[in-house]
$ cat entry-v3.cif   # mmCIF, C-alpha atoms
data_work
#
loop_
_atom_site.group_PDB
_atom_site.id
_atom_site.type_symbol
_atom_site.label_atom_id
_atom_site.label_comp_id
_atom_site.auth_asym_id
_atom_site.auth_seq_id
_atom_site.Cartn_x
_atom_site.Cartn_y
_atom_site.Cartn_z
ATOM 1 C CA MET A 12 -11.638 -114.156 6.409
ATOM 2 C CA ASN A 13 -12.839 -111.608 3.819
ATOM 3 C CA THR A 14 -16.001 -109.757 3.508
ATOM 4 C CA HIS A 15 -17.669 -112.359 1.444
ATOM 5 C CA ASP A 16 -17.440 -114.887 4.297
ATOM 6 C CA GLY A 17 -19.922 -112.983 6.403
ATOM 7 C CA GLY A 18 -17.641 -112.580 9.406
ATOM 8 C CA ALA A 19 -18.023 -110.315 12.274
ATOM 9 C CA ASP A 20 -16.155 -107.587 10.465
ATOM 10 C CA ALA A 21 -18.437 -107.616 7.485
ATOM 11 C CA PRO A 22 -20.612 -104.529 6.836
ATOM 12 C CA GLU A 23 -23.757 -106.543 7.346
ATOM 13 C CA ALA A 24 -22.541 -107.678 10.759
ATOM 14 C CA ARG A 25 -21.742 -104.095 11.809
ATOM 15 C CA GLU A 26 -25.134 -102.862 10.632
ATOM 16 C CA ALA A 27 -26.819 -105.664 12.460
ATOM 17 C CA ALA A 28 -24.913 -104.841 15.572
ATOM 18 C CA LEU A 29 -25.962 -101.242 15.302
ATOM 19 C CA SER A 30 -29.533 -102.176 14.765
ATOM 20 C CA GLY A 31 -29.578 -104.115 18.017
ATOM 21 C CA PRO A 32 -31.572 -103.280 21.131
ATOM 22 C CA SER A 33 -29.322 -100.373 22.128
ATOM 23 C CA ALA A 34 -29.528 -98.566 18.800
ATOM 24 C CA PRO A 35 -32.845 -96.739 19.372
ATOM 25 C CA SER A 36 -31.731 -95.284 22.677
ATOM 26 C CA GLU A 37 -28.453 -94.045 21.195
ATOM 27 C CA ARG A 38 -30.270 -92.432 18.307
ATOM 28 C CA SER A 39 -32.694 -90.788 20.720
ATOM 29 C CA GLU A 40 -29.850 -89.432 22.826
ATOM 30 C CA ARG A 41 -28.149 -88.020 19.754
ATOM 31 C CA SER A 42 -31.413 -86.479 18.616
ATOM 32 C CA GLU A 43 -32.001 -84.911 22.032
ATOM 33 C CA ARG A 44 -28.488 -83.474 22.107
ATOM 34 C CA GLY A 45 -29.020 -82.026 18.640
ATOM 35 C CA GLU A 46 -32.268 -80.366 19.668
ATOM 36 C CA ARG A 47 -30.684 -78.873 22.781
ATOM 37 C CA SER A 48 -27.796 -77.584 20.684
ATOM 38 C CA GLU A 49 -30.248 -76.074 18.180
ATOM 39 C CA ARG A 50 -32.305 -74.476 20.940
ATOM 40 C CA GLY A 51 -29.122 -73.109 22.539
ATOM 41 C CA GLY A 52 -28.006 -71.671 19.207
ATOM 42 C CA ARG A 53 -31.368 -70.043 18.652
ATOM 43 C CA GLY A 54 -31.316 -68.603 22.194
ATOM 44 C CA GLU A 55 -27.806 -67.212 21.742
ATOM 45 C CA GLN A 56 -28.797 -65.749 18.387
ATOM 46 C CA THR A 57 -31.893 -64.189 19.964
ATOM 47 C CA GLU A 58 -29.817 -62.777 22.816
ATOM 48 C CA ARG A 59 -27.314 -61.304 20.391
ATOM 49 C CA SER A 60 -30.045 -59.722 18.309
ATOM 50 C CA GLY A 61 -31.546 -58.268 21.478
ATOM 51 C CA ASP A 62 -28.189 -56.748 22.413
ATOM 52 C CA VAL A 63 -27.914 -55.203 18.975
ATOM 53 C CA ASP A 64 -31.411 -53.784 19.276
ATOM 54 C CA ALA A 65 -30.585 -52.378 22.705
ATOM 55 C CA VAL A 66 -27.412 -50.686 21.451
ATOM 56 C CA ALA A 67 -29.220 -49.356 18.409
ATOM 57 C CA GLY A 68 -31.886 -47.843 20.655
ATOM 58 C CA THR A 69 -29.340 -46.096 22.890
ATOM 59 C CA PRO A 70 -29.308 -42.257 22.442
ATOM 60 C CA GLY A 71 -26.228 -40.925 20.658
ATOM 61 C CA VAL A 72 -25.368 -44.292 19.064
ATOM 62 C CA PRO A 73 -26.103 -44.442 15.321
ATOM 63 C CA GLU A 74 -28.160 -47.344 14.122
ATOM 64 C CA ALA A 75 -26.070 -49.747 12.089
ATOM 65 C CA SER A 76 -29.030 -50.766 10.029
ATOM 66 C CA GLN A 77 -29.733 -47.190 8.825
ATOM 67 C CA PRO A 78 -27.256 -45.832 6.204
ATOM 68 C CA SER A 79 -25.978 -42.244 6.715
ATOM 69 C CA HIS A 80 -26.964 -39.729 4.011
ATOM 70 C CA PRO A 81 -25.001 -36.447 3.300
ATOM 71 C CA ALA A 82 -26.734 -33.210 4.290
ATOM 72 C CA PRO A 83 -28.316 -31.371 1.379
ATOM 73 C CA ALA A 84 -26.202 -28.469 0.033
ATOM 74 C CA GLU A 85 -27.399 -24.969 0.985
ATOM 75 C CA PRO A 86 -28.599 -22.825 -1.916
ATOM 76 C CA ARG A 87 -26.164 -20.125 -3.091
ATOM 77 C CA THR A 88 -26.997 -16.510 -2.364
ATOM 78 C CA GLY A 89 -25.654 -13.114 -3.389
ATOM 79 C CA VAL A 90 -23.034 -12.842 -6.102
ATOM 80 C CA ALA A 91 -22.253 -16.563 -5.860
ATOM 81 C CA ALA A 92 -25.763 -17.350 -7.113
ATOM 82 C CA LEU A 93 -25.103 -15.511 -10.372
ATOM 83 C CA SER A 94 -23.819 -17.159 -13.475
ATOM 84 C CA LEU A 95 -20.173 -16.763 -14.449
ATOM 85 C CA PRO A 96 -20.641 -13.827 -16.893
ATOM 86 C CA TYR A 97 -22.668 -11.865 -14.341
ATOM 87 C CA ARG A 98 -20.101 -12.557 -11.615
ATOM 88 C CA ILE A 99 -17.350 -11.209 -13.849
ATOM 89 C CA GLY A 100 -19.420 -8.090 -14.556
ATOM 90 C CA ALA A 101 -20.057 -7.541 -10.832
ATOM 91 C CA ALA A 102 -16.329 -7.882 -10.055
ATOM 92 C CA VAL A 103 -15.428 -5.350 -12.749
ATOM 93 C CA ALA A 104 -18.047 -2.886 -11.458
ATOM 94 C CA LEU A 105 -16.755 -3.179 -7.876
ATOM 95 C CA ALA A 106 -13.181 -2.611 -9.078
ATOM 96 C CA VAL A 107 -14.206 0.533 -10.968
ATOM 97 C CA VAL A 108 -16.086 1.928 -7.932
ATOM 98 C CA ALA A 109 -13.140 1.195 -5.618
ATOM 99 C CA ALA A 110 -10.716 2.907 -8.011
ATOM 100 C CA ALA A 111 -12.972 5.984 -8.273
ATOM 101 C CA VAL A 112 -13.243 6.240 -4.478
ATOM 102 C CA CYS A 113 -9.461 6.016 -4.064
ATOM 103 C CA VAL A 114 -8.887 8.702 -6.716
ATOM 104 C CA HIS A 115 -11.446 11.015 -5.099
ATOM 105 C CA LEU A 116 -9.972 10.620 -1.618
ATOM 106 C CA GLY A 117 -6.500 11.256 -2.999
ATOM 107 C CA MET A 118 -7.634 14.420 -4.788
ATOM 108 C CA VAL A 119 -9.359 15.764 -1.667
ATOM 109 C CA PHE A 120 -6.291 14.989 0.445
ATOM 110 C CA LEU A 121 -3.986 16.829 -1.968
ATOM 111 C CA HIS A 122 -6.403 19.756 -2.124
ATOM 112 C CA ILE A 123 -6.440 20.340 1.633
ATOM 113 C CA ALA A 124 -2.794 19.410 2.253
ATOM 114 C CA PRO A 125 -0.059 22.057 2.438
ATOM 115 C CA SER A 126 1.700 22.977 -0.788
ATOM 116 C CA ASN A 127 4.000 20.159 -1.910
ATOM 117 C CA THR A 128 5.691 18.775 -5.019
ATOM 118 C CA VAL A 129 2.582 16.950 -6.259
ATOM 119 C CA THR A 130 0.246 19.923 -5.861
ATOM 120 C CA LYS A 131 2.737 22.209 -7.574
ATOM 121 C CA ALA A 132 3.012 19.878 -10.562
ATOM 122 C CA HIS A 133 -0.666 18.888 -10.834
ATOM 123 C CA GLY A 134 -2.464 21.767 -9.130
ATOM 124 C CA LYS A 135 -4.662 22.523 -12.140
ATOM 125 C CA ALA A 136 -5.907 18.936 -12.434
ATOM 126 C CA ILE A 137 -6.656 18.832 -8.700
ATOM 127 C CA ASP A 138 -8.626 22.077 -8.866
ATOM 128 C CA GLU A 139 -10.622 20.847 -11.864
ATOM 129 C CA TRP A 140 -11.563 17.721 -9.918
ATOM 130 C CA ILE A 141 -12.494 19.559 -6.711
ATOM 131 C CA TYR A 142 -14.285 22.661 -7.940
ATOM 132 C CA PRO A 143 -17.121 23.376 -7.705
ATOM 133 C CA GLU A 144 -18.794 20.205 -6.389
ATOM 134 C CA PHE A 145 -16.204 19.101 -3.807
ATOM 135 C CA GLU A 146 -14.836 22.428 -2.596
ATOM 136 C CA GLN A 147 -13.330 22.357 0.892
ATOM 137 C CA ASN A 148 -13.116 25.478 3.041
ATOM 138 C CA TRP A 149 -11.224 24.028 5.995
ATOM 139 C CA LYS A 150 -7.636 22.959 6.545
ATOM 140 C CA LEU A 151 -6.532 19.553 7.740
ATOM 141 C CA PHE A 152 -2.998 20.703 8.564
ATOM 142 C CA ALA A 153 -1.507 23.948 9.823
ATOM 143 C CA PRO A 154 -0.810 26.053 6.707
ATOM 144 C CA ASN A 155 2.639 27.098 7.969
ATOM 145 C CA PRO A 156 3.977 24.768 10.672
ATOM 146 C CA LEU A 157 6.276 26.705 12.985
ATOM 147 C CA GLN A 158 9.854 25.495 12.562
ATOM 148 C CA GLN A 159 11.522 28.522 14.042
ATOM 149 C CA ASN A 160 12.023 30.095 17.435
ATOM 150 C CA VAL A 161 11.027 33.771 17.349
ATOM 151 C CA ALA A 162 11.943 36.037 20.243
ATOM 152 C CA VAL A 163 10.665 39.607 20.535
ATOM 153 C CA GLN A 164 13.164 41.986 22.154
ATOM 154 C CA VAL A 165 13.053 45.688 23.015
ATOM 155 C CA ARG A 166 15.359 48.429 24.170
ATOM 156 C CA ALA A 167 14.573 51.990 25.243
ATOM 157 C CA GLN A 168 15.921 55.511 25.501
ATOM 158 C CA VAL A 169 15.192 56.702 28.998
ATOM 159 C CA ARG A 170 15.049 60.213 30.473
ATOM 160 C CA THR A 171 16.523 59.951 33.928
ATOM 161 C CA ALA A 172 15.373 61.799 37.016
ATOM 162 C CA ASP A 173 18.216 64.339 36.753
ATOM 163 C CA GLY A 174 17.272 65.236 33.198
ATOM 164 C CA GLY A 175 19.872 63.068 31.488
ATOM 165 C CA SER A 176 19.314 60.398 28.867
ATOM 166 C CA ARG A 177 20.523 56.860 28.595
ATOM 167 C CA GLU A 178 19.924 53.812 26.431
ATOM 168 C CA THR A 179 19.093 50.459 27.942
ATOM 169 C CA GLY A 180 20.197 47.078 26.708
ATOM 170 C CA TRP A 181 17.956 44.603 24.927
ATOM 171 C CA TYR A 182 15.226 43.029 27.034
ATOM 172 C CA ASP A 183 14.133 39.614 25.798
ATOM 173 C CA LEU A 184 10.390 39.800 26.437
ATOM 174 C CA SER A 185 9.716 36.338 24.924
ATOM 175 C CA ALA A 186 12.222 34.795 27.323
ATOM 176 C CA GLN A 187 10.414 36.477 30.223
ATOM 177 C CA ASP A 188 7.126 34.928 29.101
ATOM 178 C CA GLY A 189 8.828 31.553 28.718
ATOM 179 C CA ARG A 190 10.132 31.661 32.275
ATOM 180 C CA ALA A 191 6.669 32.615 33.526
ATOM 181 C CA ILE A 192 5.071 29.677 31.698
ATOM 182 C CA ASP A 193 7.720 27.082 32.529
ATOM 183 C CA GLY A 194 6.478 24.958 35.430
ATOM 184 C CA ASN A 195 3.187 26.878 35.611
ATOM 185 C CA LEU A 196 0.219 24.519 35.512
ATOM 186 C CA LEU A 197 -2.200 27.335 34.690
ATOM 187 C CA PRO A 198 -0.362 30.016 32.681
ATOM 188 C CA SER A 199 -2.363 33.082 31.774
ATOM 189 C CA HIS A 200 -3.491 33.929 28.277
ATOM 190 C CA THR A 201 -1.361 37.076 28.428
ATOM 191 C CA GLN A 202 1.782 35.107 29.167
ATOM 192 C CA GLN A 203 1.134 32.654 26.374
ATOM 193 C CA ASN A 204 -0.279 34.724 23.548
ATOM 194 C CA GLU A 205 -0.260 38.495 24.040
ATOM 195 C CA LEU A 206 3.250 39.273 22.788
ATOM 196 C CA ARG A 207 3.284 36.531 20.170
ATOM 197 C CA ARG A 208 -0.029 37.576 18.656
ATOM 198 C CA ALA A 209 1.013 41.245 18.666
ATOM 199 C CA TRP A 210 4.180 40.420 16.704
ATOM 200 C CA ASP A 211 2.238 38.233 14.248
ATOM 201 C CA PHE A 212 -0.246 41.081 13.793
ATOM 202 C CA PHE A 213 2.603 43.482 13.027
ATOM 203 C CA THR A 214 4.368 41.231 10.494
ATOM 204 C CA ALA A 215 1.080 40.451 8.724
ATOM 205 C CA THR A 216 0.334 44.167 8.175
ATOM 206 C CA HIS A 217 3.827 45.371 7.226
ATOM 207 C CA ASP A 218 6.125 44.669 4.305
ATOM 208 C CA ASP A 219 9.767 43.633 4.533
ATOM 209 C CA ASP A 220 10.780 47.291 4.848
ATOM 210 C CA ASN A 221 8.487 47.691 7.886
ATOM 211 C CA ARG A 222 6.066 49.947 6.016
ATOM 212 C CA ALA A 223 2.477 49.726 7.247
ATOM 213 C CA ALA A 224 -0.193 48.495 4.842
ATOM 214 C CA GLY A 225 -3.256 50.598 5.604
ATOM 215 C CA VAL A 226 -5.017 51.405 8.841
ATOM 216 C CA ARG A 227 -4.486 47.963 10.318
ATOM 217 C CA GLY A 228 -0.738 48.413 9.965
ATOM 218 C CA THR A 229 -0.866 51.613 12.024
ATOM 219 C CA LEU A 230 -3.078 49.913 14.601
ATOM 220 C CA SER A 231 -0.618 47.014 14.921
ATOM 221 C CA GLU A 232 2.225 49.479 15.586
ATOM 222 C CA SER A 233 0.283 51.125 18.413
ATOM 223 C CA TYR A 234 -0.687 47.771 19.889
ATOM 224 C CA LEU A 235 2.879 46.425 19.892
ATOM 225 C CA ARG A 236 4.366 49.665 21.190
ATOM 226 C CA ARG A 237 1.983 49.851 24.153
ATOM 227 C CA ILE A 238 2.716 46.244 25.099
ATOM 228 C CA VAL A 239 6.497 46.728 25.180
ATOM 229 C CA VAL A 240 6.243 50.052 27.026
ATOM 230 C CA LEU A 241 4.073 48.474 29.747
ATOM 231 C CA ARG A 242 6.569 45.599 30.069
ATOM 232 C CA LEU A 243 9.423 48.091 30.465
ATOM 233 C CA GLU A 244 7.456 50.122 33.034
ATOM 234 C CA ARG A 245 6.633 47.040 35.099
ATOM 235 C CA GLY A 246 10.252 45.940 34.921
ATOM 236 C CA GLY A 247 11.539 49.304 36.191
ATOM 237 C CA ALA A 248 13.677 49.931 33.097
ATOM 238 C CA ALA A 249 13.455 53.753 33.488
ATOM 239 C CA GLY A 250 14.569 53.667 37.101
ATOM 240 C CA ALA A 251 13.341 55.866 39.904
ATOM 241 C CA GLY A 252 11.970 59.157 38.602
ATOM 242 C CA GLY A 253 12.830 58.279 34.999
ATOM 243 C CA ALA A 254 10.577 57.881 31.949
ATOM 244 C CA VAL A 255 10.765 55.986 28.657
ATOM 245 C CA GLU A 256 11.007 58.395 25.711
ATOM 246 C CA ARG A 257 11.552 56.036 22.766
ATOM 247 C CA VAL A 258 11.542 52.294 22.159
ATOM 248 C CA GLN A 259 12.951 50.065 19.471
ATOM 249 C CA VAL A 260 11.705 46.521 18.833
ATOM 250 C CA ARG A 261 13.458 43.690 17.038
ATOM 251 C CA SER A 262 12.876 39.996 16.479
ATOM 252 C CA ARG A 263 15.521 37.312 16.797
ATOM 253 C CA THR A 264 14.678 34.253 14.672
ATOM 254 C CA THR A 265 16.563 30.955 14.790
ATOM 255 C CA ASN A 266 15.715 27.805 12.897
ATOM 256 C CA VAL A 267 14.895 24.664 14.852
ATOM 257 C CA ALA A 268 17.832 22.291 14.543
ATOM 258 C CA ALA A 269 17.352 19.076 12.559
ATOM 259 C CA PRO A 270 17.082 15.841 14.553
ATOM 260 C CA SER A 271 20.233 13.838 15.144
ATOM 261 C CA TRP A 272 19.115 11.091 12.757
ATOM 262 C CA GLY A 273 18.254 13.479 9.917
ATOM 263 C CA ARG A 274 20.556 14.419 7.055
ATOM 264 C CA GLU A 275 19.123 17.892 6.494
ATOM 265 C CA LYS A 276 21.561 20.743 6.991
ATOM 266 C CA ILE A 277 19.898 23.717 8.703
ATOM 267 C CA SER A 278 21.635 26.909 9.760
ATOM 268 C CA THR A 279 20.932 27.864 13.359
ATOM 269 C CA ASP A 280 22.489 31.320 13.096
ATOM 270 C CA PRO A 281 20.036 33.970 14.336
ATOM 271 C CA ALA A 282 18.413 36.429 11.952
ATOM 272 C CA TYR A 283 17.280 39.828 13.184
ATOM 273 C CA ARG A 284 14.500 42.122 12.056
ATOM 274 C CA VAL A 285 15.023 45.546 13.582
ATOM 275 C CA LEU A 286 12.215 48.097 13.590
ATOM 276 C CA PRO A 287 12.738 51.871 13.657
ATOM 277 C CA TRP A 288 12.626 53.870 16.887
ATOM 278 C CA TRP A 289 9.137 54.781 18.045
ATOM 279 C CA SER A 290 8.428 57.821 20.195
ATOM 280 C CA VAL A 291 6.440 57.219 23.353
ATOM 281 C CA SER A 292 3.797 59.651 24.554
ATOM 282 C CA ASP A 293 3.718 60.845 28.137
ATOM 283 C CA ASP A 294 0.658 58.774 28.954
ATOM 284 C CA GLU A 295 2.281 55.634 27.611
ATOM 285 C CA ALA A 296 5.604 56.405 29.308
ATOM 286 C CA HIS A 297 3.982 56.611 32.742
ATOM 287 C CA GLY A 298 1.750 53.614 32.295
ATOM 288 C CA GLY A 299 -1.321 55.619 31.404
ATOM 289 C CA VAL A 300 -2.445 53.059 28.862
ATOM 290 C CA GLN A 301 -3.894 50.059 30.674
#
$ encode --input "entry-v3.cif" --output "C-alpha cells"
Amino acid sequence: MNTHDGGADAPEAREAALSGPSAPSERSERSERGERSERGGRGEQTERSGDVDAVAGTPGVPEASQPSHPAPAEPRTGVAALSLPYRIGAAVALAVVAAAVCVHLGMVFLHIAPSNTVTKAHGKAIDEWIYPEFEQNWKLFAPNPLQQNVAVQVRAQVRTADGGSRETGWYDLSAQDGRAIDGNLLPSHTQQNELRRAWDFFTATHDDDNRAAGVRGTLSESYLRRIVVLRLERGGAAGAGGAVERVQVRSRTTNVAAPSWGREKISTDPAYRVLPWWSVSDDEAHGGVQ
C-alpha cells in the first residue's frame, strides 16, 4: 500500500497519531525538560561568572578584563638629555680635561722624582711647565738611595806606659755598632746614628782630596776625631797606662750585590778612602772630651 492509499504508514496517519490524547502531555514534558535545562545552564553560567569575579578580586591576581599598559618612560637627565651635537661637545671637553690632568700629574711626578733618563732629556720642558705656578719644595723619594755598605774604621798610634810607641790594627767601629743594634729592641740613637752622621758630615764638607771646605769642614774633623778617640778609649786600645797620640780614619765601601734574578753586573770589591793622621790632644787622649 502506498502513501496515496491512506494507510497507517501515511504521513497523515502519523500526524494524527501524534495529535492523539497523549500528545499534549509529551509536549509538556519536553517543554519542562527544556526549561530545566535552560535554568541549569543559566545557573552554571552565573556560577562560573561568580568564580571569575572572585578570582579577579583576589589580591595579587591581575584582572583578566583589564589590559596591562607599559610604564611611562622616565625623562632623561644630565648629558643624556642633551641633543646629539651637545653630547659630542661635552664628550670632547671631558676628554680634553682628562688629558690635561694626566699631563700635569706626569709633569709633577717627573719634577719631584730622582734624576732619570726622561728628566735628563726633557728637563727644560718640565721646568717650564712647573715653574713658577706649580713649584714643589719637597721630595717624594730619597734623593740618593743607599745602595752601598759603608763601614768607618780607625787605627791609632799609642804611647805605652813604658814610654814606647806602637800602632794598633784597624777597629771596625761600624761593625761594633751593628752588633750592638742586632737583636736590640730599643737601640740607642748613638748606636744607630752618631758615627754614620759624623762620617756623612765629614764627606759633605770635604773634597775628594780630604781638604776641608770652610769652617764647617774643620768642625766636622773635630767631631769625627773625638768620636773615634772616645771609642778607642772605651775599648781599651791604649792599654793600661797608655795613651792615644794619633788616629787615622778610613771608610770601607762595598756595593750591595744585585739580586739573584737580576742581570746587572755589580762589583763587590771594597773601595777605601783613607784620611791623613790626626794628632790627638792630651784631653782627648784621656777621655777629657765628653
$ resolve_selection --input "entry-v3.cif" --expression "the PyMOL selection byres ((chain A and resi 200-215) around 9)" --output "ChimeraX atom specification"
/A:161-163,184-185,187-189,191-192,198-199,216-219,221,223,227-232,234-235,238-239,262
$ closest_residue --input "entry-v3.cif" --among "A:Glu178, A:Val226, A:Gln159, A:Asp183" --to "Asp280 of chain A" --atoms "all atoms listed in the file"
A:Gln159
$ residues_around --input "entry-v3.cif" --residues "Gly253 of chain A" --least-positions-apart "3" --cutoff "8 Å" --atoms "only C-alpha atoms" --output "VMD selection string"
chain A and resid 169 to 172 249 to 250
$ write_last_selection --input "entry-v3.cif" --atoms "C-alpha atoms" --output "PDB file, in the coordinates of the input"
ATOM      1  CA  VAL A 169      15.192  56.702  28.998  1.00  0.00           C
ATOM      2  CA  ARG A 170      15.049  60.213  30.473  1.00  0.00           C
ATOM      3  CA  THR A 171      16.523  59.951  33.928  1.00  0.00           C
ATOM      4  CA  ALA A 172      15.373  61.799  37.016  1.00  0.00           C
ATOM      5  CA  ALA A 249      13.455  53.753  33.488  1.00  0.00           C
ATOM      6  CA  GLY A 250      14.569  53.667  37.101  1.00  0.00           C
TER       7      GLY A 250
END
$ residues_around --input "entry-v3.cif" --residues "Glu139 of chain A" --least-positions-apart "5" --cutoff "12 Å" --atoms "only C-alpha atoms" --output "list of chain:residue names"
A:His115, A:Met118, A:Val119, A:His122, A:His133, A:Gly134, A:Glu144, A:Phe145, A:Glu146
$ closest_residue --input "entry-v3.cif" --among "A:Ala167, A:Val267, A:Ala104, A:Val129" --to "Thr279 of chain A" --atoms "all atoms listed in the file"
A:Val267
$ atom_distance --input "entry-v3.cif" --atom1 "atom CA of Arg166 of chain A" --atom2 "atom CA of Ser292 of chain A"
16.1 Å
$ atom_distance --input "entry-v3.cif" --atom1 "atom CA of Ile277 of chain A" --atom2 "atom CA of Pro125 of chain A"
21.0 Å
$ atom_distance --input "entry-v3.cif" --atom1 "atom CA of Leu93 of chain A" --atom2 "atom CA of Cys113 of chain A"
27.3 Å
$ decode --input "entry-v3.cif" --residues "segment 124-137 of chain A" --atoms "N, CA and C atoms" --output "tab-separated table (two decimals), in the first residue's frame"
chain	number	residue	atom	x	y	z
A	124	ALA	N	110.64	63.44	41.04
A	124	ALA	CA	111.32	62.14	41.01
A	124	ALA	C	112.83	62.34	40.93
A	125	PRO	N	113.60	61.33	41.31
A	125	PRO	CA	115.05	61.42	41.15
A	125	PRO	C	115.42	61.56	39.68
A	126	SER	N	116.64	62.03	39.44
A	126	SER	CA	117.10	62.23	38.07
A	126	SER	C	117.06	60.91	37.31
A	127	ASN	N	116.48	60.94	36.11
A	127	ASN	CA	116.36	59.75	35.28
A	127	ASN	C	116.51	60.14	33.82
A	128	THR	N	116.33	59.17	32.93
A	128	THR	CA	116.54	59.40	31.50
A	128	THR	C	115.57	60.45	30.96
A	129	VAL	N	114.31	60.39	31.40
A	129	VAL	CA	113.30	61.32	30.88
A	129	VAL	C	113.60	62.74	31.34
A	130	THR	N	113.92	62.92	32.61
A	130	THR	CA	114.20	64.27	33.11
A	130	THR	C	115.48	64.84	32.51
A	131	LYS	N	116.44	63.98	32.19
A	131	LYS	CA	117.66	64.48	31.56
A	131	LYS	C	117.39	64.95	30.14
A	132	ALA	N	116.50	64.26	29.44
A	132	ALA	CA	116.22	64.61	28.05
A	132	ALA	C	115.22	65.77	27.92
A	133	HIS	N	114.28	65.86	28.87
A	133	HIS	CA	113.22	66.87	28.76
A	133	HIS	C	113.14	67.74	30.02
A	134	GLY	N	114.27	67.95	30.67
A	134	GLY	CA	114.27	68.74	31.90
A	134	GLY	C	113.80	70.16	31.71
A	135	LYS	N	114.17	70.78	30.59
A	135	LYS	CA	113.77	72.17	30.35
A	135	LYS	C	112.27	72.29	30.19
A	136	ALA	N	111.65	71.38	29.43
A	136	ALA	CA	110.20	71.42	29.25
A	136	ALA	C	109.47	71.19	30.57
A	137	ILE	N	110.00	70.31	31.40
A	137	ILE	CA	109.37	70.05	32.71
A	137	ILE	C	109.45	71.28	33.59
